[in-house]
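Novice: Provided herewith: final.txt, compact mmCIF, C-alpha atoms.
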# COMPACT_ATOMS: atom_id res chain seq x y z
CA GLY A 1 -1.48 -10.24 -14.72
CA GLN A 2 0.16 -9.67 -11.39
CA ASN A 3 1.07 -12.39 -8.91
CA ILE A 4 2.85 -11.47 -5.70
CA ASP A 5 3.24 -14.10 -2.99
CA GLN A 6 4.40 -13.79 0.59
CA PRO A 7 3.73 -15.89 3.69
CA THR A 8 0.62 -15.04 5.66
CA GLU A 9 2.10 -15.14 9.15
CA MET A 10 5.42 -15.50 10.95
CA THR A 11 6.28 -15.59 14.64
CA ALA A 12 9.66 -14.90 16.19
CA THR A 13 11.21 -14.16 19.55
CA GLU A 14 12.42 -10.77 20.68
CA GLY A 15 16.07 -10.30 19.70
CA ALA A 16 15.92 -12.88 16.93
CA ILE A 17 16.06 -12.50 13.13
CA VAL A 18 13.17 -13.03 10.75
CA GLN A 19 13.26 -13.20 6.95
CA ILE A 20 10.10 -12.47 4.98
CA ASN A 21 10.18 -13.77 1.42
CA CYS A 22 8.33 -12.32 -1.55
CA THR A 23 8.09 -13.82 -5.00
CA TYR A 24 6.54 -12.00 -7.91
CA GLN A 25 5.45 -12.41 -11.49
CA THR A 26 4.37 -9.08 -12.95
CA SER A 27 3.98 -7.46 -16.33
CA GLY A 28 6.69 -4.86 -16.07
CA PHE A 29 9.13 -4.24 -13.25
CA ASN A 30 10.51 -0.94 -12.06
CA GLY A 31 11.49 -1.72 -8.49
CA LEU A 32 10.20 -3.41 -5.36
CA PHE A 33 9.03 -1.73 -2.18
CA TRP A 34 8.55 -3.01 1.35
CA TYR A 35 6.06 -1.27 3.59
CA GLN A 36 5.32 -1.74 7.29
CA GLN A 37 1.77 -1.50 8.57
CA HIS A 38 0.85 -1.58 12.24
CA ALA A 39 -2.67 -2.69 13.10
CA GLY A 40 -5.19 0.06 12.44
CA GLU A 41 -2.64 2.34 10.82
CA ALA A 42 -1.49 3.32 7.35
CA PRO A 43 1.37 1.57 5.54
CA THR A 44 4.72 3.33 5.87
CA PHE A 45 7.74 3.02 3.60
CA LEU A 46 10.61 0.73 4.67
CA SER A 47 12.79 0.04 1.65
CA TYR A 48 13.16 0.13 -2.12
CA ASN A 49 15.23 -2.12 -4.40
CA VAL A 50 15.59 -1.71 -8.13
CA LEU A 51 18.99 -3.37 -8.68
CA ASP A 52 19.98 -6.87 -7.62
CA GLY A 53 21.58 -7.12 -4.23
CA LEU A 54 21.19 -6.18 -0.61
CA GLU A 55 20.16 -2.79 0.75
CA GLU A 56 20.81 -2.31 4.44
CA LYS A 57 19.13 0.27 6.61
CA GLY A 58 19.77 -0.17 10.32
CA ARG A 59 18.09 -3.30 11.63
CA PHE A 60 16.23 -3.82 8.34
CA SER A 61 17.71 -5.12 5.10
CA SER A 62 16.07 -5.90 1.78
CA PHE A 63 17.34 -8.13 -1.00
CA LEU A 64 16.33 -8.38 -4.65
CA SER A 65 16.99 -10.89 -7.42
CA ARG A 66 15.29 -9.69 -10.60
CA SER A 67 16.16 -12.83 -12.57
CA LYS A 68 14.45 -15.00 -9.95
CA GLY A 69 11.53 -12.66 -9.26
CA TYR A 70 12.43 -12.80 -5.59
CA SER A 71 12.94 -10.45 -2.70
CA TYR A 72 13.24 -10.74 1.04
CA LEU A 73 13.03 -8.39 3.98
CA LEU A 74 15.34 -9.21 6.88
CA LEU A 75 14.49 -7.91 10.31
CA LYS A 76 17.33 -8.21 12.83
CA GLU A 77 17.38 -7.78 16.62
CA LEU A 78 13.61 -8.00 16.71
CA GLN A 79 11.77 -5.69 19.06
CA MET A 80 8.18 -5.89 20.26
CA LYS A 81 7.37 -2.78 18.21
CA ASP A 82 8.26 -4.73 15.05
CA SER A 83 5.02 -6.69 15.41
CA ALA A 84 3.17 -5.54 12.29
CA SER A 85 2.23 -6.53 8.76
CA TYR A 86 4.90 -6.24 6.09
CA LEU A 87 3.76 -5.57 2.55
CA CYS A 88 5.73 -6.40 -0.57
CA ALA A 89 4.85 -4.17 -3.54
CA VAL A 90 6.10 -4.18 -7.11
CA SER A 91 6.33 -0.99 -9.15
CA ARG A 92 5.43 -1.62 -12.78
CA GLY A 93 6.74 1.64 -14.15
CA ASP A 94 3.30 3.14 -14.76
CA TYR A 95 3.08 4.98 -11.43
CA LYS A 96 1.13 2.07 -9.92
CA LEU A 97 2.12 -0.48 -7.29
CA SER A 98 0.87 -4.05 -7.04
CA PHE A 99 0.77 -5.31 -3.47
CA GLY A 100 1.07 -8.74 -1.96
CA ALA A 101 -1.44 -9.71 0.72
CA GLY A 102 1.07 -8.96 3.48
CA THR A 103 2.89 -10.98 6.13
CA THR A 104 1.86 -10.54 9.76
CA VAL A 105 4.87 -10.78 12.04
CA THR A 106 4.30 -11.43 15.73
CA VAL A 107 7.23 -10.83 18.07
CA ARG A 108 7.05 -12.71 21.36
CA ALA A 109 8.97 -11.95 24.52
CA ILE B 110 1.81 19.19 8.93
CA ALA B 111 2.63 17.92 5.44
CA GLY B 112 0.97 14.72 4.33
CA ILE B 113 -2.36 13.23 3.37
CA THR B 114 -5.61 13.62 5.22
CA GLN B 115 -8.75 11.54 4.80
CA ALA B 116 -12.29 12.10 6.01
CA PRO B 117 -14.26 10.69 7.61
CA THR B 118 -12.19 8.43 9.86
CA SER B 119 -15.01 5.92 9.97
CA GLN B 120 -18.57 5.69 8.74
CA ILE B 121 -21.52 3.34 8.99
CA LEU B 122 -23.71 3.59 5.93
CA ALA B 123 -27.03 2.07 4.90
CA ALA B 124 -26.99 0.08 1.67
CA GLY B 125 -28.14 2.11 -1.29
CA ARG B 126 -26.87 5.43 0.08
CA ARG B 127 -24.38 7.63 -1.72
CA MET B 128 -21.10 8.38 0.03
CA THR B 129 -18.01 10.43 -0.79
CA LEU B 130 -14.70 9.76 0.89
CA ARG B 131 -12.43 12.77 0.92
CA CYS B 132 -8.67 12.85 0.41
CA THR B 133 -6.36 15.86 0.41
CA GLN B 134 -2.58 16.05 0.11
CA ASP B 135 -0.31 19.05 0.53
CA MET B 136 2.89 17.61 -0.92
CA ARG B 137 2.12 18.81 -4.47
CA HIS B 138 2.29 15.23 -5.67
CA ASN B 139 1.16 14.59 -9.22
CA ALA B 140 -0.22 11.09 -8.73
CA MET B 141 -2.94 9.96 -6.33
CA TYR B 142 -4.54 6.59 -5.65
CA TRP B 143 -7.43 4.93 -3.87
CA TYR B 144 -7.07 1.45 -2.40
CA ARG B 145 -9.29 -0.82 -0.42
CA GLN B 146 -7.83 -3.22 2.10
CA ASP B 147 -9.62 -6.40 3.05
CA LEU B 148 -8.39 -9.19 5.31
CA GLY B 149 -6.34 -11.71 3.36
CA LEU B 150 -6.47 -9.73 0.13
CA GLY B 151 -4.07 -6.92 0.79
CA LEU B 152 -4.30 -3.51 -0.83
CA ARG B 153 -6.22 -3.43 -4.09
CA LEU B 154 -6.21 -0.40 -6.37
CA ILE B 155 -9.63 1.08 -7.10
CA HIS B 156 -8.83 4.20 -9.14
CA TYR B 157 -5.82 6.37 -9.73
CA SER B 158 -4.87 9.73 -11.18
CA ASN B 159 -1.50 10.45 -12.73
CA THR B 160 -2.09 14.19 -12.80
CA ALA B 161 -4.84 16.70 -12.20
CA GLY B 162 -7.61 16.34 -14.77
CA THR B 163 -6.95 12.66 -15.53
CA THR B 164 -8.14 9.46 -13.87
CA GLY B 165 -7.85 5.74 -14.55
CA LYS B 166 -9.34 2.46 -13.39
CA GLY B 167 -7.48 0.08 -11.11
CA GLU B 168 -8.14 -3.56 -10.29
CA VAL B 169 -11.53 -3.16 -8.61
CA PRO B 170 -13.25 0.00 -10.00
CA ASP B 171 -16.85 -1.20 -10.20
CA GLY B 172 -19.23 0.76 -7.97
CA TYR B 173 -16.74 3.60 -7.45
CA SER B 174 -16.00 6.86 -9.20
CA VAL B 175 -13.34 9.53 -8.73
CA SER B 176 -12.54 13.02 -9.90
CA ARG B 177 -9.35 15.08 -9.88
CA ALA B 178 -10.27 18.73 -10.33
CA ASN B 179 -7.00 19.98 -8.81
CA THR B 180 -3.65 18.68 -7.58
CA ASP B 181 -4.56 18.41 -3.90
CA ASP B 182 -7.95 16.68 -3.80
CA PHE B 183 -9.02 13.22 -4.94
CA PRO B 184 -12.50 12.27 -3.69
CA LEU B 185 -13.88 8.74 -4.03
CA THR B 186 -17.64 8.32 -4.48
CA LEU B 187 -19.79 5.27 -3.91
CA ALA B 188 -22.93 6.01 -5.90
CA SER B 189 -25.09 3.34 -4.24
CA ALA B 190 -23.28 1.51 -1.47
CA VAL B 191 -23.49 -2.29 -1.12
CA PRO B 192 -22.36 -4.47 1.82
CA SER B 193 -19.43 -5.86 -0.21
CA GLN B 194 -17.95 -2.35 -0.14
CA THR B 195 -17.39 -2.68 3.59
CA SER B 196 -13.64 -2.20 3.86
CA VAL B 197 -10.83 0.09 4.95
CA TYR B 198 -10.07 2.67 2.28
CA PHE B 199 -6.65 4.23 1.90
CA CYS B 200 -5.76 7.21 -0.21
CA ALA B 201 -2.14 7.56 -1.32
CA SER B 202 -0.01 9.92 -3.38
CA SER B 203 3.35 9.89 -5.11
CA ALA B 204 5.48 12.44 -6.87
CA GLY B 205 4.69 10.63 -10.10
CA ALA B 206 7.86 11.63 -11.88
CA GLY B 207 10.77 9.43 -12.87
CA ASP B 208 11.24 5.79 -11.99
CA TYR B 209 11.09 6.05 -8.21
CA ASN B 210 7.48 5.92 -7.12
CA GLU B 211 7.25 5.78 -3.34
CA GLN B 212 3.65 6.14 -2.30
CA PHE B 213 2.60 7.96 0.87
CA PHE B 214 -0.59 6.82 2.54
CA GLY B 215 -3.33 8.63 4.40
CA PRO B 216 -4.66 7.31 7.73
CA GLY B 217 -7.58 5.45 6.13
CA THR B 218 -11.37 5.46 6.32
CA ARG B 219 -13.13 2.48 7.85
CA LEU B 220 -16.45 2.05 6.04
CA THR B 221 -19.22 -0.32 7.06
CA VAL B 222 -22.19 -0.79 4.74
CA LEU B 223 -25.22 -2.41 6.32
Can you give me the file's structure in the form of structure tokens?

Specialist:
Amino acid sequence: GQNIDQPTEMTATEGAIVQINCTYQTSGFNGLFWYQQHAGEAPTFLSYNVLDGLEEKGRFSSFLSRSKGYSYLLLKELQMKDSASYLCAVSRGDYKLSFGAGTTVTVRA
Amino acid sequence: IAGITQAPTSQILAAGRRMTLRCTQDMRHNAMYWYRQDLGLGLRLIHYSNTAGTTGKGEVPDGYSVSRANTDDFPLTLASAVPSQTSVYFCASSAGAGDYNEQFFGPGTRLTVL
């Protein structure tokens, strides 16, 4: 079966840093995706990790440890527009993704 | 504009009625997917298609059917809608080749079954 866990909600202040953790236990692993989803909109791609380590892309970074079944998404210099849900998704190598329930991040002024 | 379109945007449906949600992509992607998204449960896969002419069941297929007659279109049918099918439905597609499998999502259909 698939088990992907991430916190339900997080709140942070504008300009701060927030780290969203994701742990997974899946049958098969072929990479981990992070998606951003604003309220009422479709998910959009943020990052992809298949090898252990940190991938940095502007204010967003994503980390993966395959041996620990663990990833995190780091959001730096938070802006109000970063208020959204962040979805962790594991690719199992069969074209399908398994999604966590998502973490709602609220950025306060 | 390249991407995925879904129709309708929203729909209110009486229980027992038949309904087809439409999905079209113009990226020539091989694989397509239907998800439902419910509060607290995240995105759950209903059905998928790895290539035109083939379909498969996801996590929550009961009460839904799909077809994939060509590369671009992937309609989802509710044969006899029930209130538990009230949800937001997202269609997605991916190139479906190689190990990298980024999925691109349509704007969603908000369905209410009364």

Novice: As a list of chain:residue names, could you give me every residue of chain B near chain A (at most 7 Å apart, counting only C-alpha atoms)?

Specialist: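 Putting it all together, I get B:Gly149, B:Leu150, B:Gly151, B:Leu152, B:Gly205, B:Asp208, B:Asn210, B:Phe214, B:Gly215, B:Pro216, B:Gly217.
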
Novice: Would you please work out which residue, of A:Gln19, A:Thr26, A:Gln36, A:Thr104, is nearest to Leu148 of chain B when using only C-alpha atoms?

Specialist: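 Among A:Gln19, A:Thr26, A:Gln36, A:Thr104, it is A:Thr104 that comes nearest to Leu148 of chain B.
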
Novice: Which polymer residues have any atom within 12 Å of an atom of segment 161-176 of chain B, counting all atoms listed in the file, with same-chain residues fewer than 3 positions away left out, as a ChimeraX atom specification?

Specialist: /A:1-2,94-99 /B:125,127-132,137-146,152-158,179-194,198,200,205

Novice: So how far away is atom CA of Ser85 of chain A from atom CA of Leu51 of chain A, in Å?

Specialist: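 Pair atom CA of Leu51 of chain A / atom CA of Ser85 of chain A returns 24.4 Å.
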
Novice: Mind pulling up the distance from atom CA of Val105 of chain A to atom CA of Ser83 of chain A?

Specialist: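 Computing it gives 5.3 Å between the two atoms.
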
Novice: If you measure from atom CA of Thr218 of chain B to atom CA of Thr118 of chain B, what distance in Å do you get, rounded to one decimal?

Specialist: 4.7 Å

Novice: Smallest atom-to-atom distance to Gln212 of chain B: which of A:Val90, A:Tyr72, A:Asn3, A:Thr23, using all atoms listed in the file?

Specialist: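 Selected residue with least distance to Gln212 of chain B: A:Val90.
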
Novice: Write out as a compact mmCIF listing (two decimals) with C-alpha atoms, in the coordinates of the input the residues lying within 8 Å of Thr11 of chain A, counting all atoms listed in the file and excluding same-chain residues fewer than 4 positions away.

Specialist:
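Once everything was written out, this is around-v8.txt:
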# COMPACT_ATOMS: atom_id res chain seq x y z
CA VAL A 105 4.87 -10.78 12.04
CA THR A 106 4.30 -11.43 15.73
CA VAL A 107 7.23 -10.83 18.07
CA ARG A 108 7.05 -12.71 21.36

Novice: Show which residues sit within 10 Å of Ser71 of chain A, as a list of chain:residue names. Count all atoms listed in the file, and ignore same-chain residues fewer than 4 positions away.

Specialist: A:Gln6, A:Ile20, A:Asn21, A:Cys22, A:Thr23, A:Tyr24, A:Leu32, A:Phe33, A:Trp34, A:Asn49, A:Asp52, A:Gly53, A:Leu54, A:Ser62, A:Phe63, A:Leu64, A:Ser65, A:Arg66, A:Cys88

Novice: Point out the residue among A:His38, A:Met80, A:Val18, A:Gln25 with the least atom-to-atom distance to Phe60 of chain A, counting all atoms listed in the file.

Specialist: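 For Phe60 of chain A, the nearest of the given residues is A:Val18.
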
Novice: Nearest residue to Ala109 of chain A out of A:Ala84, A:Leu73, A:Ile17, A:Ala12, using all atoms listed in the file?

Specialist: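 Closest to Ala109 of chain A of all the choices is A:Ala12.
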
Novice: Hey, which of A:Ser67, A:Tyr86, A:Pro7, A:Leu78 ends up closest to Phe29 of chain A? Count only C-alpha atoms.

Specialist: A:Ser67

Novice: So, counting all atoms listed in the file, which residue among B:Asn159, B:Gln120, B:Ser202, B:Thr133 is closest to Val222 of chain B?

Specialist: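 Of B:Asn159, B:Gln120, B:Ser202, B:Thr133, the one nearest Val222 of chain B is B:Gln120, counting all atoms listed in the file.
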
Novice: Taking the structure in the block just given, could you write segment 18-30 of chain A with all heavy atoms, as a compact mmCIF listing (two decimals), in the first residue's frame?

Specialist:
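Saved file part_7.txt follows:
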# COMPACT_ATOMS: atom_id res chain seq x y z
N VAL A 18 9.66 28.50 6.10
CA VAL A 18 8.84 27.39 6.57
C VAL A 18 9.32 26.10 5.91
O VAL A 18 9.69 26.09 4.74
CB VAL A 18 7.34 27.64 6.29
CG1 VAL A 18 7.03 27.58 4.82
CG2 VAL A 18 6.48 26.65 7.05
N GLN A 19 9.34 25.02 6.67
CA GLN A 19 9.76 23.71 6.16
C GLN A 19 8.60 22.75 6.28
O GLN A 19 8.08 22.52 7.38
CB GLN A 19 10.95 23.19 6.96
CG GLN A 19 11.41 21.80 6.54
CD GLN A 19 12.66 21.35 7.25
OE1 GLN A 19 13.63 22.08 7.39
NE2 GLN A 19 12.66 20.11 7.72
N ILE A 20 8.20 22.17 5.17
CA ILE A 20 7.09 21.22 5.15
C ILE A 20 7.67 19.83 4.96
O ILE A 20 8.32 19.55 3.95
CB ILE A 20 6.13 21.53 3.98
CG1 ILE A 20 5.65 22.99 4.05
CG2 ILE A 20 4.94 20.57 4.04
CD1 ILE A 20 4.93 23.43 2.79
N ASN A 21 7.45 18.97 5.94
CA ASN A 21 7.99 17.61 5.89
C ASN A 21 7.01 16.64 5.26
O ASN A 21 5.79 16.80 5.35
CB ASN A 21 8.33 17.14 7.30
CG ASN A 21 9.42 17.97 7.94
OD1 ASN A 21 10.35 18.42 7.27
ND2 ASN A 21 9.32 18.19 9.23
N CYS A 22 7.58 15.62 4.63
CA CYS A 22 6.78 14.56 4.01
C CYS A 22 7.50 13.24 4.24
O CYS A 22 8.67 13.11 3.91
CB CYS A 22 6.60 14.83 2.52
SG CYS A 22 5.81 13.50 1.59
N THR A 23 6.80 12.30 4.84
CA THR A 23 7.35 10.96 4.97
C THR A 23 6.49 9.99 4.17
O THR A 23 5.28 10.18 4.04
CB THR A 23 7.39 10.50 6.45
OG1 THR A 23 6.07 10.54 6.98
CG2 THR A 23 8.30 11.38 7.26
N TYR A 24 7.14 8.98 3.62
CA TYR A 24 6.40 8.08 2.74
C TYR A 24 6.84 6.64 2.92
O TYR A 24 7.99 6.35 3.25
CB TYR A 24 6.56 8.51 1.27
CG TYR A 24 7.98 8.44 0.76
CD1 TYR A 24 8.48 7.28 0.18
CD2 TYR A 24 8.82 9.54 0.87
CE1 TYR A 24 9.78 7.22 -0.27
CE2 TYR A 24 10.13 9.49 0.41
CZ TYR A 24 10.60 8.33 -0.15
OH TYR A 24 11.90 8.27 -0.60
N GLN A 25 5.87 5.76 2.70
CA GLN A 25 6.14 4.33 2.60
C GLN A 25 5.32 3.86 1.41
O GLN A 25 4.10 3.84 1.46
CB GLN A 25 5.69 3.58 3.86
CG GLN A 25 6.52 3.86 5.09
CD GLN A 25 5.98 3.12 6.31
OE1 GLN A 25 4.81 3.25 6.65
NE2 GLN A 25 6.83 2.34 6.96
N THR A 26 6.00 3.54 0.31
CA THR A 26 5.28 3.17 -0.90
C THR A 26 5.89 1.93 -1.52
O THR A 26 7.06 1.62 -1.31
CB THR A 26 5.31 4.30 -1.94
OG1 THR A 26 6.67 4.61 -2.26
CG2 THR A 26 4.62 5.56 -1.42
N SER A 27 5.09 1.22 -2.28
CA SER A 27 5.57 0.07 -3.02
C SER A 27 6.14 0.57 -4.33
O SER A 27 5.41 0.81 -5.28
CB SER A 27 4.43 -0.92 -3.25
OG SER A 27 3.36 -0.26 -3.90
N GLY A 28 7.42 0.74 -4.38
CA GLY A 28 8.06 1.30 -5.56
C GLY A 28 8.33 2.78 -5.37
O GLY A 28 7.52 3.50 -4.78
N PHE A 29 9.46 3.23 -5.85
CA PHE A 29 9.81 4.65 -5.75
C PHE A 29 10.59 5.04 -7.00
O PHE A 29 11.60 4.41 -7.33
CB PHE A 29 10.64 4.91 -4.50
CG PHE A 29 11.01 6.37 -4.34
CD1 PHE A 29 10.14 7.26 -3.72
CD2 PHE A 29 12.20 6.85 -4.85
CE1 PHE A 29 10.47 8.60 -3.60
CE2 PHE A 29 12.54 8.20 -4.73
CZ PHE A 29 11.67 9.07 -4.10
N ASN A 30 10.10 6.10 -7.64
CA ASN A 30 10.77 6.59 -8.84
C ASN A 30 10.85 8.10 -8.83
O ASN A 30 10.86 8.73 -9.88
CB ASN A 30 10.02 6.09 -10.08
CG ASN A 30 10.92 6.06 -11.30
OD1 ASN A 30 12.05 5.62 -11.21
ND2 ASN A 30 10.42 6.51 -12.42
